[in-house]
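Working notes, structure below.
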Amino acid sequence: MKHLAIIPGDGIGKEVIDVGMEVLDAVCEISSFDYDGELFDIGSERYLTTGELLTEEDISGLRKKDAIYFGAIGDPRVKPGVLEQGILLKMRAVFDQYINLRPVTSWFPFVPLKREVPFDIRFLRENTEDFYMGAGGTFSGSRKNASVKIKRELYELDMELRTNSSNGDDFAFEIGLLSKKGITRFADYAFSYAEARGDKKVTLVDKANVCTHIYGMQRTIFEEMSREYGIGLEYMFVDAMAMAMIVRPETFGTVAVPNLFGDILTDLGAQLQGGLGMGGSGNISPEGVSMFEPIHGSAPDIAGQKKANPIAAILAAQMLLENQGYPEEGKMLRDSVRHCLDNGLTTPDLGGKLTTEDVGKAVCRYILGQKK
Ligand code: NAD
Ligand code: IPM
Ligand code: MN
């Protein structure tokens, strides 16, 4: 019996997680997988009522679980960054989910490119550092003594940067920070992932021609790791990578990408699979609690309209099952998505006429039909 935390969150997060849970229930009926799901009321509604984001109580409850199944957060009534940093990024940091695995796999022959070609890219997005440290500030040109404090228990990092002025709004800055420890574990994960998959190279995406300090250090560590593993290393600048993903997606396998560029490239990757409603992801904590979620957000523009494509959430459930030791059940979910695509059982974003719930029902019917 697996103990799962369920966090539907906001907007279409709730709609797609409802479907995801029905699908998991169907998997329970026909396989040895079994779970209990505890619902966590974390998101904008609670924040607007009580001011709470991610509380200590939430954290200790979540820590007891085998995995977290998450929908999305984000609400137009709340200033950008409050929920994102206070809930989602905090969970990734607290549980040290330092790898964000985002597969970009074609549903060949359904490929939204002129050239129909199968591809299977595994983006490993570093998930705790880079420009996501929340380290920044503002200052004015005339006053002195502003400081930004970065405190990270994960790395025993306690650092203070002083600028020469404070309390102003003439300048704003955001620090992109990488640690040797963070890069080393990221590189190690990437090469062992490539090794397990039989990939001959790891592609490292960066902008080492501009952000020379952080990405220069990252290259050095990846080079050492490449030698240790005896697996090749290829560099791609992120701008060229965006182009190459469209022109020759089939030439990539394991792709390591720092946090911010990874966020951007994987939305592009989702579109290569049909749209944002097709991208699942796993925030992996090799030693702690991992969290599985669609890569899309709360989509306020379509929330409450039954239009949300639940496939990304179903693919996140697939990744959860695989991570928890149920690869066959995971594959069944993937097959059920294939079945829906082949039969036009889709939401409007993929040209279909079904509602979110109807796609869920089609997936459940398929799964229940697999009973031996
Ligand atoms: P979004 O991903 O919510 O939506 C972008 C576009 O894609 C919208 O037009 C939306 O309708 C469409 N879309 C997204 N998911 C879809 C689905 N499953 N089916 C059909 N169409 C889908 O991104 P946004 O609009 O930039 O952000 C909205 C809010 O979500 C913001 O507050 C943002 O911070 C937050 N956000 C949260 C997460 C997360 O929780 N992991 C991820 C991204 C954005
Ligand atoms: C994602 C989202 C988040 C990110 C936001 C909501 C903080 O865009 O999961 O891709 O930037 O990582
Ligand atoms: Mn994103």
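Residues in the structure tokens are named by chain (A, B, ... in the order shown) and by number from 1 within that chain; ligands are numbered from 1 in the order shown.
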Q. Using only C-alpha atoms, which residues sit within 12 Å of Gln370 in chain A once same-chain residues fewer than 4 positions away are excluded, as a PyMOL selection string?
A. chain A and resi 26-27+29-31+328-329+331-333+335-336+363-366
Q: Could you tell me, counting only C-alpha atoms and all ligand atoms, which protein and nucleic acid residues lie no more than 8 Å from ligand 2, written as number ranges by chain?
A: A: 72-74, 81, 84-85, 88-89, 127, 259-260, 263-264, 266-267, 294-297
Q) Would you give me, as a PyMOL selection string, the residues in range 82-304 of chain A that DSSP reads as alpha helix (DSSP H)? A) chain A and resi 82-83+90-94+180-197+212-229+238-247+259-272
Q: Apply DSSP to the backbone of this structure and, from range 47-115 of chain A, keep only the residues in strand (DSSP E or B); write these as number ranges by chain.
A: A: 67-72, 99-105, 107, 110
Sorted by chain and rising residue number, which residues of chain A lie within 8 Å of ligand 1, and what are their closest atom pairs and distances in Å to one decimal, counting only C-alpha atoms and all ligand atoms, as JSON lines?
```
{"residue": "A:Gly9", "atom": "CA", "partner": "ligand 1", "partner_atom_place_in_ligand_line": "40 (O)", "distance": 7.8}
{"residue": "A:Ile12", "atom": "CA", "partner": "ligand 1", "partner_atom_place_in_ligand_line": "18 (N)", "distance": 7.1}
{"residue": "A:Gly13", "atom": "CA", "partner": "ligand 1", "partner_atom_place_in_ligand_line": "40 (O)", "distance": 7.7}
{"residue": "A:Val16", "atom": "CA", "partner": "ligand 1", "partner_atom_place_in_ligand_line": "18 (N)", "distance": 7.3}
{"residue": "A:Phe70", "atom": "CA", "partner": "ligand 1", "partner_atom_place_in_ligand_line": "40 (O)", "distance": 7.9}
{"residue": "A:Gly71", "atom": "CA", "partner": "ligand 1", "partner_atom_place_in_ligand_line": "40 (O)", "distance": 6.5}
{"residue": "A:Ala72", "atom": "CA", "partner": "ligand 1", "partner_atom_place_in_ligand_line": "40 (O)", "distance": 3.3}
{"residue": "A:Ile73", "atom": "CA", "partner": "ligand 1", "partner_atom_place_in_ligand_line": "40 (O)", "distance": 4.1}
{"residue": "A:Gly74", "atom": "CA", "partner": "ligand 1", "partner_atom_place_in_ligand_line": "32 (O)", "distance": 3.2}
{"residue": "A:Asp75", "atom": "CA", "partner": "ligand 1", "partner_atom_place_in_ligand_line": "32 (O)", "distance": 5.1}
{"residue": "A:Pro76", "atom": "CA", "partner": "ligand 1", "partner_atom_place_in_ligand_line": "32 (O)", "distance": 6.4}
{"residue": "A:Pro80", "atom": "CA", "partner": "ligand 1", "partner_atom_place_in_ligand_line": "32 (O)", "distance": 6.3}
{"residue": "A:Gly81", "atom": "CA", "partner": "ligand 1", "partner_atom_place_in_ligand_line": "34 (O)", "distance": 6.9}
{"residue": "A:Leu83", "atom": "CA", "partner": "ligand 1", "partner_atom_place_in_ligand_line": "32 (O)", "distance": 7.8}
{"residue": "A:Glu84", "atom": "CA", "partner": "ligand 1", "partner_atom_place_in_ligand_line": "34 (O)", "distance": 5.9}
{"residue": "A:Leu88", "atom": "CA", "partner": "ligand 1", "partner_atom_place_in_ligand_line": "40 (O)", "distance": 6.6}
{"residue": "A:Gly275", "atom": "CA", "partner": "ligand 1", "partner_atom_place_in_ligand_line": "21 (N)", "distance": 7.3}
{"residue": "A:Leu276", "atom": "CA", "partner": "ligand 1", "partner_atom_place_in_ligand_line": "15 (N)", "distance": 5.0}
{"residue": "A:Gly277", "atom": "CA", "partner": "ligand 1", "partner_atom_place_in_ligand_line": "18 (N)", "distance": 3.5}
{"residue": "A:Met278", "atom": "CA", "partner": "ligand 1", "partner_atom_place_in_ligand_line": "18 (N)", "distance": 7.1}
{"residue": "A:Glu293", "atom": "CA", "partner": "ligand 1", "partner_atom_place_in_ligand_line": "41 (N)", "distance": 6.8}
{"residue": "A:Pro294", "atom": "CA", "partner": "ligand 1", "partner_atom_place_in_ligand_line": "41 (N)", "distance": 6.7}
{"residue": "A:Ile295", "atom": "CA", "partner": "ligand 1", "partner_atom_place_in_ligand_line": "41 (N)", "distance": 5.4}
{"residue": "A:His296", "atom": "CA", "partner": "ligand 1", "partner_atom_place_in_ligand_line": "2 (O)", "distance": 3.6}
{"residue": "A:Gly297", "atom": "CA", "partner": "ligand 1", "partner_atom_place_in_ligand_line": "3 (O)", "distance": 3.2}
{"residue": "A:Ser298", "atom": "CA", "partner": "ligand 1", "partner_atom_place_in_ligand_line": "30 (O)", "distance": 4.2}
{"residue": "A:Ala299", "atom": "CA", "partner": "ligand 1", "partner_atom_place_in_ligand_line": "3 (O)", "distance": 3.3}
{"residue": "A:Pro300", "atom": "CA", "partner": "ligand 1", "partner_atom_place_in_ligand_line": "28 (C)", "distance": 6.0}
{"residue": "A:Asp301", "atom": "CA", "partner": "ligand 1", "partner_atom_place_in_ligand_line": "11 (O)", "distance": 5.3}
{"residue": "A:Ile302", "atom": "CA", "partner": "ligand 1", "partner_atom_place_in_ligand_line": "11 (O)", "distance": 5.1}
{"residue": "A:Ala303", "atom": "CA", "partner": "ligand 1", "partner_atom_place_in_ligand_line": "11 (O)", "distance": 7.7}
{"residue": "A:Lys307", "atom": "CA", "partner": "ligand 1", "partner_atom_place_in_ligand_line": "20 (C)", "distance": 6.3}
{"residue": "A:Ala308", "atom": "CA", "partner": "ligand 1", "partner_atom_place_in_ligand_line": "19 (N)", "distance": 3.7}
{"residue": "A:Asn309", "atom": "CA", "partner": "ligand 1", "partner_atom_place_in_ligand_line": "19 (N)", "distance": 3.7}
{"residue": "A:Pro310", "atom": "CA", "partner": "ligand 1", "partner_atom_place_in_ligand_line": "18 (N)", "distance": 5.6}
{"residue": "A:Ile311", "atom": "CA", "partner": "ligand 1", "partner_atom_place_in_ligand_line": "18 (N)", "distance": 7.2}
{"residue": "A:Ala312", "atom": "CA", "partner": "ligand 1", "partner_atom_place_in_ligand_line": "18 (N)", "distance": 6.4}
{"residue": "A:Ala313", "atom": "CA", "partner": "ligand 1", "partner_atom_place_in_ligand_line": "18 (N)", "distance": 7.8}
{"residue": "A:Thr347", "atom": "CA", "partner": "ligand 1", "partner_atom_place_in_ligand_line": "20 (C)", "distance": 7.6}
{"residue": "A:Pro348", "atom": "CA", "partner": "ligand 1", "partner_atom_place_in_ligand_line": "20 (C)", "distance": 7.7}
{"residue": "A:Asp349", "atom": "CA", "partner": "ligand 1", "partner_atom_place_in_ligand_line": "20 (C)", "distance": 5.5}
```
Q. Which is closer to ligand 3 than all the others in A:Ser44, A:Ser281, A:Thr220, A:Ser226, using only C-alpha atoms and all ligand atoms?
A. A:Ser281
Q: Write out as a PyMOL selection string each polymer residue whose atoms come within 7 Å of range 62-65 of chain A, counting only C-alpha atoms; drop sequence neighbours fewer than 3 positions from it.
A: chain A and resi 3-5+58-59+289
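Taking CA of Thr184 in chain A and CA of Phe222 in chain A as the two end points, the separation is 7.6 Å.
If you count only C-alpha atoms and ignore residues fewer than 4 places along the chain from Lys201 in chain A, what sits within 6 Å of it is Ile231, Gly232 and Leu233 of chain A.
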Create the file for the chosen residues now, containing N, CA and C atoms and written as a tab-separated table (two decimals), in the first residue's frame.
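Now in part01.tsv:
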```tsv
chain	number	residue	atom	x	y	z
A	231	ILE	N	31.24	8.24	-20.74
A	231	ILE	CA	30.09	8.60	-21.60
A	231	ILE	C	30.35	10.00	-22.15
A	232	GLY	N	30.03	10.20	-23.42
A	232	GLY	CA	30.33	11.47	-24.09
A	232	GLY	C	29.57	12.65	-23.50
A	233	LEU	N	30.08	13.83	-23.77
A	233	LEU	CA	29.43	15.07	-23.33
A	233	LEU	C	29.38	16.02	-24.51
```
Q | Exercise: Glu126 in chain A partners within 8 Å, only C-alpha atoms, chain neighbours under 6 positions left out, as a ChimeraX atom specification | A | /A:98-100,186,256-259,262
The selected residues should be written to file as an mmCIF file, in the first residue's frame (atoms: N, CA and C atoms).
```cif
data_model
loop_
_atom_site.group_PDB
_atom_site.id
_atom_site.type_symbol
_atom_site.label_atom_id
_atom_site.label_comp_id
_atom_site.auth_asym_id
_atom_site.auth_seq_id
_atom_site.Cartn_x
_atom_site.Cartn_y
_atom_site.Cartn_z
ATOM 1 N N TYR A 98 16.029 17.480 -6.376
ATOM 2 C CA TYR A 98 16.988 18.244 -7.176
ATOM 3 C C TYR A 98 16.995 17.909 -8.660
ATOM 4 N N ILE A 99 16.232 16.890 -9.044
ATOM 5 C CA ILE A 99 16.105 16.586 -10.481
ATOM 6 C C ILE A 99 14.648 16.752 -10.888
ATOM 7 N N ASN A 100 14.418 17.498 -11.948
ATOM 8 C CA ASN A 100 13.081 17.563 -12.510
ATOM 9 C C ASN A 100 13.120 16.837 -13.860
ATOM 10 N N PHE A 186 24.012 16.711 -9.683
ATOM 11 C CA PHE A 186 23.228 16.826 -10.919
ATOM 12 C C PHE A 186 23.937 16.064 -12.055
ATOM 13 N N ALA A 256 20.812 17.485 -19.968
ATOM 14 C CA ALA A 256 20.904 18.139 -18.653
ATOM 15 C C ALA A 256 20.795 19.643 -18.872
ATOM 16 N N VAL A 257 19.952 20.281 -18.090
ATOM 17 C CA VAL A 257 19.713 21.707 -18.324
ATOM 18 C C VAL A 257 19.519 22.426 -16.989
ATOM 19 N N PRO A 258 20.162 23.578 -16.823
ATOM 20 C CA PRO A 258 19.962 24.308 -15.572
ATOM 21 C C PRO A 258 18.521 24.799 -15.436
ATOM 22 N N ASN A 259 18.183 25.151 -14.223
ATOM 23 C CA ASN A 259 16.799 25.349 -13.812
ATOM 24 C C ASN A 259 15.975 26.273 -14.718
ATOM 25 N N GLY A 262 15.731 25.211 -18.311
ATOM 26 C CA GLY A 262 14.955 23.966 -18.339
ATOM 27 C C GLY A 262 13.470 24.234 -18.286
#
```
Q: Could you give me, as a ChimeraX atom specification, the residues within 7 Å of Met225 in chain A, counting only C-alpha atoms and dropping anything in the same chain fewer than 4 positions from it?
A: /A:187-188,221,229
Suppose we keep N, CA and C atoms; can you now write the selection as a tab-separated table (two decimals), in the first residue's frame?
```tsv
chain	number	residue	atom	x	y	z
A	187	ALA	N	25.24	16.29	-12.19
A	187	ALA	CA	26.01	15.62	-13.24
A	187	ALA	C	26.02	14.11	-13.02
A	188	ASP	N	26.18	13.71	-11.78
A	188	ASP	CA	26.21	12.29	-11.45
A	188	ASP	C	24.87	11.64	-11.86
A	221	ILE	N	32.80	20.47	-14.15
A	221	ILE	CA	32.36	19.30	-13.37
A	221	ILE	C	31.73	18.24	-14.28
A	229	TYR	N	32.51	8.35	-16.11
A	229	TYR	CA	31.51	7.39	-16.61
A	229	TYR	C	31.88	6.79	-17.97
```
